[in-house]
Amino acid sequence: MTVLKIITYPDPFLKKKTKPVEDINDDIKKLIEDMADTMYEAPGVGLAAIQVGEDRSIIVFDPEADKENRPYQVLINPEIVSTEGELLSENEGCLSVPEFRSDVKRAEFAVVTGLDIQGNPVRIDAQGLLAVILQHEIDHLNGILFIDRISSLKRGIYKRKVKKQLRENE
Ligand code: NI
């Protein structure tokens with residue numbers, strides 16, 4: 001088991017747009033396995049490769065965070081093809097945004113496509129929590145954090161808190 005270091009805000013790497021995976025080779029498969037280890041250890045319900053320092057379009061997720069059975073799914077080069085409706089994702093959090101949670105407006109339904117670990121095309125018709133997780137993780141591939149989707153007032157509170165902590169740790 002390999003638990004990778006999770007990059008946190010305000011590291012500029014998190015703003016990078018990721019590159020699609022062209023060849024699902026052994027390095028990519030190992031990265032996916034390590035990402036799952038890291039997600040379950042955190043624990044979290046989703047993780048994007050950019051959060052562990054790899055600017056590739058890969059996400060892993062498990063809405064149950066079931067560390068024992070590890071029924072996680074992986075999507076390579078995922079894309080949101082359509083969304084519908086709206087819901088309030090309550091107390092959303094992110095492993096790269098520690099010690100902060102906020103309600104975020106998300107779509108209630110999302111259709112997502114991508115590839116599985118064998119390179120087969122996958123289509124997921126997601127609703128509710130799964131739809132939220134997929135929107136959150138796919139945002140990471142475009143350099144977007146959930147704090148970019150909340151009011152500037154709330155974001156400002158978090159940014160000041162992080163700045164203060166960084167000063168104190170100097
Ligand atoms: Ni996140």
# chains A, B, ... in the order shown; residues from 1 in each chain; ligands from 1
>>> residues_near_ligand(ligand="ligand 1", cutoff="10 Å", atoms="only C-alpha atoms and all ligand atoms", output="VMD selection string")
chain A and resid 8 14 44 to 48 50 to 51 92 to 98 133 135 to 140 144 to 147
>>> residues_around(residues="Gly85 of chain A", least_positions_apart="4", cutoff="10 Å", atoms="only C-alpha atoms", output="list in words")
Arg106, Ala107, Glu108, Phe109, Ala110 and Gln127 of chain A
>>> write_last_selection(atoms="N, CA and C atoms", output="mmCIF file, in the first residue's frame")
data_model
loop_
_atom_site.group_PDB
_atom_site.id
_atom_site.type_symbol
_atom_site.label_atom_id
_atom_site.label_comp_id
_atom_site.auth_asym_id
_atom_site.auth_seq_id
_atom_site.Cartn_x
_atom_site.Cartn_y
_atom_site.Cartn_z
ATOM 1 N N ARG A 106 -24.614 22.719 -6.782
ATOM 2 C CA ARG A 106 -24.186 21.766 -7.808
ATOM 3 C C ARG A 106 -25.404 21.341 -8.631
ATOM 4 N N ALA A 107 -25.132 20.699 -9.766
ATOM 5 C CA ALA A 107 -26.221 20.118 -10.543
ATOM 6 C C ALA A 107 -26.678 18.835 -9.843
ATOM 7 N N GLU A 108 -27.958 18.540 -9.921
ATOM 8 C CA GLU A 108 -28.477 17.328 -9.271
ATOM 9 C C GLU A 108 -28.171 16.066 -10.082
ATOM 10 N N PHE A 109 -28.156 16.231 -11.390
ATOM 11 C CA PHE A 109 -27.875 15.103 -12.282
ATOM 12 C C PHE A 109 -26.673 15.432 -13.165
ATOM 13 N N ALA A 110 -25.852 14.449 -13.418
ATOM 14 C CA ALA A 110 -24.729 14.661 -14.334
ATOM 15 C C ALA A 110 -24.470 13.384 -15.128
ATOM 16 N N GLN A 127 -26.593 10.836 -9.999
ATOM 17 C CA GLN A 127 -27.587 11.672 -9.332
ATOM 18 C C GLN A 127 -27.145 11.890 -7.892
#
>>> select_by_dssp(residues="chain A", states="alpha helix (DSSP H)", output="ChimeraX atom specification")
/A:26-41,128-141,152-169
>>> residues_around(residues="Tyr72 of chain A", least_positions_apart="6", cutoff="10 Å", atoms="only C-alpha atoms", output="VMD selection string")
chain A and resid 33 36 39 to 40 45 to 46 60 to 66
>>> residues_around(residues="Ile32 of chain A", least_positions_apart="5", cutoff="9 Å", atoms="only C-alpha atoms", output="NGL selection string")
:A and (27 or 37 or 49 or 58-60 or 74 or 117)
>>> residues_around(residues="Ala126 of chain A", least_positions_apart="2", cutoff="9 Å", atoms="only C-alpha atoms", output="mmCIF file with N, CA, C and O atoms, in the first residue's frame")
data_model
loop_
_atom_site.group_PDB
_atom_site.id
_atom_site.type_symbol
_atom_site.label_atom_id
_atom_site.label_comp_id
_atom_site.auth_asym_id
_atom_site.auth_seq_id
_atom_site.Cartn_x
_atom_site.Cartn_y
_atom_site.Cartn_z
ATOM 1 N N GLU A 108 -27.958 18.540 -9.921
ATOM 2 C CA GLU A 108 -28.477 17.328 -9.271
ATOM 3 C C GLU A 108 -28.171 16.066 -10.082
ATOM 4 O O GLU A 108 -27.957 14.997 -9.532
ATOM 5 N N PHE A 109 -28.156 16.231 -11.390
ATOM 6 C CA PHE A 109 -27.875 15.103 -12.282
ATOM 7 C C PHE A 109 -26.673 15.432 -13.165
ATOM 8 O O PHE A 109 -26.536 16.569 -13.609
ATOM 9 N N ALA A 110 -25.852 14.449 -13.418
ATOM 10 C CA ALA A 110 -24.729 14.661 -14.334
ATOM 11 C C ALA A 110 -24.470 13.384 -15.128
ATOM 12 O O ALA A 110 -24.458 12.282 -14.570
ATOM 13 N N VAL A 111 -24.306 13.537 -16.410
ATOM 14 C CA VAL A 111 -23.897 12.420 -17.253
ATOM 15 C C VAL A 111 -22.413 12.587 -17.530
ATOM 16 O O VAL A 111 -21.978 13.638 -18.007
ATOM 17 N N VAL A 112 -21.665 11.557 -17.164
ATOM 18 C CA VAL A 112 -20.204 11.629 -17.256
ATOM 19 C C VAL A 112 -19.697 10.471 -18.107
ATOM 20 O O VAL A 112 -20.154 9.329 -17.954
ATOM 21 N N ILE A 124 -21.621 7.183 -17.030
ATOM 22 C CA ILE A 124 -22.293 7.124 -15.727
ATOM 23 C C ILE A 124 -23.401 8.170 -15.702
ATOM 24 O O ILE A 124 -23.163 9.352 -15.971
ATOM 25 N N GLY A 128 -27.522 13.013 -7.321
ATOM 26 C CA GLY A 128 -27.280 13.253 -5.898
ATOM 27 C C GLY A 128 -25.806 13.239 -5.542
ATOM 28 O O GLY A 128 -24.991 13.869 -6.217
ATOM 29 N N LEU A 129 -25.459 12.497 -4.475
ATOM 30 C CA LEU A 129 -24.079 12.506 -3.972
ATOM 31 C C LEU A 129 -23.066 12.110 -5.044
ATOM 32 O O LEU A 129 -22.019 12.738 -5.177
ATOM 33 N N LEU A 130 -23.386 11.060 -5.816
ATOM 34 C CA LEU A 130 -22.440 10.632 -6.857
ATOM 35 C C LEU A 130 -22.230 11.741 -7.892
ATOM 36 O O LEU A 130 -21.103 11.998 -8.325
ATOM 37 N N ALA A 131 -23.320 12.404 -8.250
ATOM 38 C CA ALA A 131 -23.210 13.510 -9.215
ATOM 39 C C ALA A 131 -22.342 14.631 -8.646
ATOM 40 O O ALA A 131 -21.526 15.223 -9.359
ATOM 41 N N VAL A 132 -22.490 14.889 -7.351
ATOM 42 C CA VAL A 132 -21.693 15.941 -6.690
ATOM 43 C C VAL A 132 -20.215 15.559 -6.695
ATOM 44 O O VAL A 132 -19.346 16.371 -7.038
ATOM 45 N N LEU A 134 -18.613 13.555 -8.687
ATOM 46 C CA LEU A 134 -18.058 13.610 -10.046
ATOM 47 C C LEU A 134 -17.822 15.058 -10.480
ATOM 48 O O LEU A 134 -16.775 15.370 -11.070
#
>>> select_by_dssp(residues="segment 1-169 of chain A", states="strand (DSSP E or B)", output="JSON, numbers by chain")
{"A": [19, 46, 47, 48, 56, 58, 59, 60, 61, 73, 74, 75, 76, 77, 78, 79, 80, 81, 82, 83, 84, 87, 88, 89, 90, 91, 92, 93, 94, 97, 98, 99, 100, 101, 102, 103, 104, 105, 106, 109, 110, 111, 112, 113, 114, 115, 121, 122, 123, 124, 125, 126, 127]}
>>> write_last_selection(atoms="C-alpha atoms", output="short mmCIF file (atom, residue, chain, number, x, y, z; two decimals), in the first residue's frame")
data_model
loop_
_atom_site.label_atom_id
_atom_site.label_comp_id
_atom_site.auth_asym_id
_atom_site.auth_seq_id
_atom_site.Cartn_x
_atom_site.Cartn_y
_atom_site.Cartn_z
CA LYS A 19 -3.41 16.31 -19.55
CA GLY A 46 -12.95 11.02 -4.19
CA LEU A 47 -9.50 12.02 -5.32
CA ALA A 48 -8.03 13.51 -8.49
CA ARG A 56 -3.10 13.69 -15.53
CA ILE A 58 -7.65 10.62 -13.65
CA ILE A 59 -10.13 10.46 -10.77
CA VAL A 60 -11.01 7.74 -8.27
CA PHE A 61 -14.11 7.75 -6.13
CA GLN A 73 -14.26 3.31 -9.41
CA VAL A 74 -11.75 5.01 -11.62
CA LEU A 75 -12.42 7.29 -14.56
CA ILE A 76 -9.67 8.17 -16.98
CA ASN A 77 -10.13 11.32 -19.08
CA PRO A 78 -13.59 11.95 -17.59
CA GLU A 79 -15.89 14.56 -19.05
CA ILE A 80 -19.25 15.91 -18.00
CA VAL A 81 -21.44 15.66 -21.08
CA SER A 82 -24.58 17.12 -19.55
CA THR A 83 -26.09 18.29 -16.27
CA GLU A 84 -29.59 18.93 -15.08
CA LEU A 87 -29.04 20.91 -5.47
CA LEU A 88 -27.23 22.31 -2.48
CA SER A 89 -24.26 20.10 -1.69
CA GLU A 90 -24.17 20.50 2.08
CA ASN A 91 -20.89 20.87 3.91
CA GLU A 92 -18.78 19.96 0.94
CA GLY A 93 -15.11 19.44 1.67
CA CYS A 94 -11.90 18.57 -0.14
CA VAL A 97 -8.74 22.25 1.38
CA PRO A 98 -8.25 21.06 4.95
CA GLU A 99 -10.34 22.20 7.87
CA PHE A 100 -12.95 23.96 5.80
CA ARG A 101 -16.40 23.00 4.58
CA SER A 102 -19.11 24.91 2.80
CA ASP A 103 -22.41 24.43 1.05
CA VAL A 104 -21.93 24.48 -2.73
CA LYS A 105 -24.52 24.76 -5.50
CA ARG A 106 -24.19 21.77 -7.81
CA PHE A 109 -27.87 15.10 -12.28
CA ALA A 110 -24.73 14.66 -14.33
CA VAL A 111 -23.90 12.42 -17.25
CA VAL A 112 -20.20 11.63 -17.26
CA THR A 113 -18.12 9.71 -19.76
CA GLY A 114 -14.57 8.44 -19.58
CA LEU A 115 -12.51 5.27 -19.73
CA PRO A 121 -15.58 3.60 -22.59
CA VAL A 122 -17.78 4.19 -19.55
CA ARG A 123 -20.88 6.31 -19.15
CA ILE A 124 -22.29 7.12 -15.73
CA ASP A 125 -25.73 8.65 -15.20
CA ALA A 126 -25.17 10.11 -11.77
CA GLN A 127 -27.59 11.67 -9.33
#
>>> decode(residues="segment 8-36 of chain A", atoms="N, CA, C and O atoms", output="compact mmCIF listing (two decimals), in the first residue's frame")
# COMPACT_ATOMS: atom_id res chain seq x y z
N THR A 8 -2.06 20.63 -0.87
CA THR A 8 -3.16 21.45 -0.36
C THR A 8 -3.09 22.90 -0.85
O THR A 8 -2.02 23.38 -1.23
N TYR A 9 -4.24 23.54 -0.82
CA TYR A 9 -4.35 24.97 -1.11
C TYR A 9 -3.43 25.73 -0.16
O TYR A 9 -3.37 25.35 1.01
N PRO A 10 -2.69 26.74 -0.59
CA PRO A 10 -2.75 27.44 -1.88
C PRO A 10 -1.67 26.99 -2.88
O PRO A 10 -1.21 27.80 -3.67
N ASP A 11 -1.26 25.75 -2.88
CA ASP A 11 -0.26 25.29 -3.83
C ASP A 11 -0.75 25.55 -5.27
O ASP A 11 -1.83 25.08 -5.64
N PRO A 12 0.03 26.32 -6.07
CA PRO A 12 -0.44 26.68 -7.42
C PRO A 12 -0.61 25.48 -8.36
O PRO A 12 -1.30 25.58 -9.38
N PHE A 13 0.01 24.34 -7.99
CA PHE A 13 -0.13 23.14 -8.83
C PHE A 13 -1.61 22.73 -8.99
O PHE A 13 -2.01 22.21 -10.02
N LEU A 14 -2.40 23.02 -7.95
CA LEU A 14 -3.82 22.65 -7.97
C LEU A 14 -4.61 23.44 -9.02
O LEU A 14 -5.74 23.10 -9.34
N LYS A 15 -4.00 24.50 -9.54
CA LYS A 15 -4.69 25.31 -10.56
C LYS A 15 -4.38 24.85 -11.98
O LYS A 15 -4.91 25.37 -12.96
N LYS A 16 -3.50 23.88 -12.07
CA LYS A 16 -3.10 23.38 -13.40
C LYS A 16 -4.22 22.61 -14.08
O LYS A 16 -4.95 21.88 -13.42
N LYS A 17 -4.32 22.77 -15.40
CA LYS A 17 -5.25 21.95 -16.17
C LYS A 17 -4.52 20.64 -16.49
O LYS A 17 -3.35 20.67 -16.87
N THR A 18 -5.20 19.53 -16.31
CA THR A 18 -4.50 18.24 -16.46
C THR A 18 -4.48 17.77 -17.91
O THR A 18 -5.27 18.22 -18.75
N LYS A 19 -3.55 16.85 -18.19
CA LYS A 19 -3.41 16.31 -19.55
C LYS A 19 -4.11 14.96 -19.65
O LYS A 19 -4.04 14.16 -18.71
N PRO A 20 -4.75 14.70 -20.78
CA PRO A 20 -5.40 13.39 -20.94
C PRO A 20 -4.38 12.25 -20.95
O PRO A 20 -3.23 12.44 -21.35
N VAL A 21 -4.82 11.10 -20.50
CA VAL A 21 -3.98 9.90 -20.52
C VAL A 21 -4.12 9.26 -21.89
O VAL A 21 -5.23 9.01 -22.36
N GLU A 22 -3.00 9.02 -22.57
CA GLU A 22 -3.06 8.44 -23.91
C GLU A 22 -2.85 6.94 -23.87
O GLU A 22 -3.38 6.20 -24.69
N ASP A 23 -2.07 6.49 -22.89
CA ASP A 23 -1.71 5.07 -22.82
C ASP A 23 -1.85 4.62 -21.37
O ASP A 23 -1.16 5.14 -20.49
N ILE A 24 -2.75 3.68 -21.13
CA ILE A 24 -2.96 3.22 -19.75
C ILE A 24 -1.92 2.13 -19.46
O ILE A 24 -2.19 0.94 -19.51
N ASN A 25 -0.69 2.59 -19.19
CA ASN A 25 0.41 1.65 -18.97
C ASN A 25 0.54 1.29 -17.48
O ASN A 25 -0.28 1.70 -16.66
N ASP A 26 1.59 0.54 -17.15
CA ASP A 26 1.75 0.08 -15.76
C ASP A 26 1.94 1.24 -14.79
O ASP A 26 1.47 1.17 -13.64
N ASP A 27 2.61 2.30 -15.22
CA ASP A 27 2.80 3.47 -14.35
C ASP A 27 1.45 4.09 -13.99
O ASP A 27 1.22 4.49 -12.85
N ILE A 28 0.58 4.18 -14.98
CA ILE A 28 -0.75 4.77 -14.75
C ILE A 28 -1.56 3.85 -13.82
O ILE A 28 -2.23 4.33 -12.89
N LYS A 29 -1.47 2.54 -14.05
CA LYS A 29 -2.21 1.59 -13.20
C LYS A 29 -1.73 1.65 -11.76
O LYS A 29 -2.53 1.59 -10.82
N LYS A 30 -0.42 1.80 -11.59
CA LYS A 30 0.16 1.92 -10.25
C LYS A 30 -0.32 3.22 -9.59
O LYS A 30 -0.68 3.24 -8.41
N LEU A 31 -0.33 4.30 -10.38
CA LEU A 31 -0.79 5.59 -9.86
C LEU A 31 -2.24 5.48 -9.37
O LEU A 31 -2.58 5.97 -8.29
N ILE A 32 -3.08 4.79 -10.16
CA ILE A 32 -4.49 4.64 -9.80
C ILE A 32 -4.63 3.87 -8.48
O ILE A 32 -5.39 4.26 -7.59
N GLU A 33 -3.86 2.79 -8.35
CA GLU A 33 -3.89 2.00 -7.12
C GLU A 33 -3.44 2.85 -5.92
O GLU A 33 -4.07 2.82 -4.85
N ASP A 34 -2.38 3.62 -6.11
CA ASP A 34 -1.88 4.48 -5.04
C ASP A 34 -2.89 5.58 -4.70
O ASP A 34 -3.03 5.97 -3.53
N MET A 35 -3.58 6.09 -5.72
CA MET A 35 -4.60 7.11 -5.48
C MET A 35 -5.72 6.54 -4.62
O MET A 35 -6.22 7.20 -3.71
N ALA A 36 -6.11 5.29 -4.92
CA ALA A 36 -7.16 4.65 -4.12
C ALA A 36 -6.68 4.46 -2.68
O ALA A 36 -7.40 4.76 -1.73
